[in-house]
Every structure is written in C-alpha cells, then in structure tokens.
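A.B. asks: Structure: input-v3.cif, mmCIF, C-alpha atoms and all ligand atoms.
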data_upload
loop_
_atom_site.group_PDB
_atom_site.id
_atom_site.type_symbol
_atom_site.label_atom_id
_atom_site.label_comp_id
_atom_site.auth_asym_id
_atom_site.auth_seq_id
_atom_site.Cartn_x
_atom_site.Cartn_y
_atom_site.Cartn_z
ATOM 1 C CA MET A 1 101.337 105.165 122.602
ATOM 2 C CA THR A 2 101.942 108.373 120.706
ATOM 3 C CA LYS A 3 105.334 109.230 119.323
ATOM 4 C CA ARG A 4 105.096 112.788 118.153
ATOM 5 C CA ASP A 5 108.593 112.918 116.736
ATOM 6 C CA ALA A 6 107.715 110.029 114.455
ATOM 7 C CA LEU A 7 105.290 112.313 112.627
ATOM 8 C CA THR A 8 107.829 114.464 110.856
ATOM 9 C CA CYS A 9 110.074 114.032 107.866
ATOM 10 C CA GLU A 10 112.382 116.302 105.911
ATOM 11 C CA VAL A 11 111.523 117.720 102.505
ATOM 12 C CA GLN A 12 114.009 119.224 100.096
ATOM 13 C CA ILE A 13 112.785 122.704 99.205
ATOM 14 C CA ASP A 14 114.996 124.825 96.953
ATOM 15 C CA GLY A 15 117.994 122.709 97.906
ATOM 16 C CA ALA A 16 117.480 122.947 101.666
ATOM 17 C CA TRP A 17 116.089 120.242 103.934
ATOM 18 C CA CYS A 18 113.113 121.393 105.970
ATOM 19 C CA ALA A 19 111.442 119.405 108.748
ATOM 20 C CA VAL A 20 107.698 119.188 108.164
ATOM 21 C CA SER A 21 104.849 117.112 109.493
ATOM 22 C CA LEU A 22 103.856 114.056 107.505
ATOM 23 C CA ASP A 23 100.513 115.709 106.731
ATOM 24 C CA GLU A 24 102.237 118.793 105.376
ATOM 25 C CA ALA A 25 104.677 116.698 103.367
ATOM 26 C CA ALA A 26 101.892 114.648 101.797
ATOM 27 C CA ILE A 27 99.580 117.589 101.095
ATOM 28 C CA ASN A 28 101.989 120.396 100.192
ATOM 29 C CA HIS A 29 105.010 118.520 98.878
ATOM 30 C CA PRO A 30 103.741 115.369 97.183
ATOM 31 C CA MET A 31 106.332 115.554 94.405
ATOM 32 C CA ASP A 32 109.362 116.643 96.406
ATOM 33 C CA VAL A 33 112.088 114.357 97.657
ATOM 34 C CA LYS A 34 111.674 113.391 101.308
ATOM 35 C CA ARG A 35 114.106 111.856 103.717
ATOM 36 C CA CYS A 36 114.152 110.357 107.188
ATOM 37 C CA PRO A 37 115.276 112.850 109.858
ATOM 38 C CA ALA A 38 117.160 110.109 111.698
ATOM 39 C CA CYS A 39 119.173 108.252 109.041
ATOM 40 C CA HIS A 40 118.662 110.558 106.010
ATOM 41 C CA GLY A 41 117.504 107.693 103.815
ATOM 42 C CA GLN A 42 114.821 108.476 101.242
ATOM 43 C CA VAL A 43 111.281 107.881 102.453
ATOM 44 C CA MET A 44 107.747 107.957 101.142
ATOM 45 C CA ILE A 45 104.597 108.968 102.960
ATOM 46 C CA LEU A 46 101.866 106.398 103.345
ATOM 47 C CA GLY A 47 98.307 107.281 104.234
ATOM 48 C CA ALA A 48 95.808 104.891 105.791
ATOM 49 C CA TYR A 49 92.218 106.030 105.859
ATOM 50 C CA SER A 50 90.305 105.352 109.046
ATOM 51 C CA GLY A 51 86.973 107.108 109.115
ATOM 52 C CA PRO A 52 87.302 110.852 108.480
ATOM 53 C CA ASN A 53 90.953 110.917 109.419
ATOM 54 C CA VAL A 54 94.057 109.920 107.547
ATOM 55 C CA ARG A 55 96.766 108.293 109.589
ATOM 56 C CA ARG A 56 100.019 108.933 107.791
ATOM 57 C CA SER A 57 103.211 107.065 108.256
ATOM 58 C CA MET A 58 106.666 107.198 106.790
ATOM 59 C CA SER A 59 108.264 104.291 104.998
ATOM 60 C CA HIS A 60 111.882 103.993 103.939
ATOM 61 C CA ARG A 61 112.222 103.359 100.232
ATOM 62 C CA ARG A 62 115.094 101.078 101.068
ATOM 63 C CA SER A 63 114.878 99.553 104.512
ATOM 64 C CA HIS A 64 117.724 100.220 106.902
ATOM 65 C CA ASN A 65 118.160 98.317 110.149
ATOM 66 C CA GLY A 66 120.253 101.107 111.696
ATOM 67 C CA CYS A 67 117.353 103.550 111.818
ATOM 68 C CA PRO A 68 115.327 104.012 115.025
ATOM 69 C CA ARG A 69 112.418 105.300 112.888
ATOM 70 C CA GLN A 70 112.067 101.999 111.156
ATOM 71 C CA ALA A 71 109.277 100.028 112.699
ATOM 72 C CA ASN A 72 110.716 96.593 111.991
ATOM 73 C CA GLY A 73 114.226 95.260 112.191
ATOM 74 C CA TYR A 74 115.970 98.049 114.055
ATOM 75 C CA THR A 75 119.145 96.636 115.530
ATOM 76 C CA GLY A 76 119.258 99.102 118.436
ATOM 77 C CA THR A 77 122.379 100.779 117.121
ATOM 78 C CA PRO A 78 121.756 103.883 114.985
ATOM 79 C CA SER A 79 123.837 104.238 111.837
ATOM 80 C CA PRO A 80 123.576 106.388 108.698
ATOM 81 C CA HIS A 81 121.583 105.063 105.790
ATOM 82 C CA PRO A 82 123.844 103.508 103.111
ATOM 83 C CA GLN A 83 122.098 105.660 100.510
ATOM 84 C CA ALA A 84 121.664 108.768 102.637
ATOM 85 C CA LEU A 85 120.548 111.899 100.814
ATOM 86 C CA LYS A 86 122.764 114.934 101.257
HETATM 87 ZN ZN ZN B 1 115.554 106.361 108.741
#
How would this structure read if it were set down as structure tokens?

C.D. replies:
Amino acid sequence: MTKRDALTCEVQIDGAWCAVSLDEAAINHPMDVKRCPACHGQVMILGAYSGPNVRRSMSHRRSHNGCPRQANGYTGTPSPHPQALK
C-alpha cells in the first residue's frame, strides 16, 4: 500500500515552512529544521537502503500519539504536537 502524502515533510527555509518530499529534504536540506505536516512536531528523516534505492521515512523526534503520520500508537484523534514548531 502506497501512501503518497506520507512522503512529504516541511522544511524551514528563510523562516518559511515549505512542503518538500522526503528525498528533497534529506538531500537538499540535511541541516535545516523539519517538521511534520500533520502535527507540526519536529521530525527527522530516516533512510533505509534496499538495493539501489533508498526508502526514506519520517520519524518524530518526540513521539506524539495524536498524529496520523505516526506509524505506531496513533489514538485515532488528531491533535497538535505538544512541542509544535511555529
Ligand atoms: Zn506528526
């Protein structure tokens, strides 16, 4: 099952949040702050190598059970991250 909208995050560029793909975030913005588009909590990009391809995923720095983007523990009710980035 492919969830295309799970493959983006937001990167802070010159003070503005821009939605980018996880590949773009990892390659072009490795040092910039990134956040989850759903709950606005800070995230990091993980890359898993499988053959010639890199499968990237997004991981919350601090897990949040009110985020539908979180793979584990989502309560089913979306809520803002307690440490959301503005
Ligand atoms: Zn989130």

A.B. asks: Ligand ZN 1 (chain B): which residues are within 12 Å, counting only C-alpha atoms and all ligand atoms? Reply as a ChimeraX atom specification.

C.D. replies: /A:6,8-10,34-44,58-74,78-85

A.B. asks: I'd like to see the residues matched by the PyMOL selection byres (((chain A and resi 46) around 12) and not hetatm) on this file, and ideally I'd get them as a PyMOL selection string.

C.D. replies: chain A and resi 7+22-23+25-27+30+43-45+47-49+54-61

A.B. asks: What's the separation between CA of Asn53 in chain A and CA of Ser21 in chain A, in Å to one decimal place?

C.D. replies: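 CA of Ser21 in chain A lies 15.2 Å from CA of Asn53 in chain A.
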
A.B. asks: Work out how far apart CA of Val33 in chain A and CA of Trp17 in chain A are and give it in Å to one decimal.

C.D. replies: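 Distance between the two atoms: 9.5 Å.
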
A.B. asks: Rounded to one decimal place, report the CA of Lys86 in chain A-CA of Ala19 in chain A distance in Å.

C.D. replies: 14.3 Å
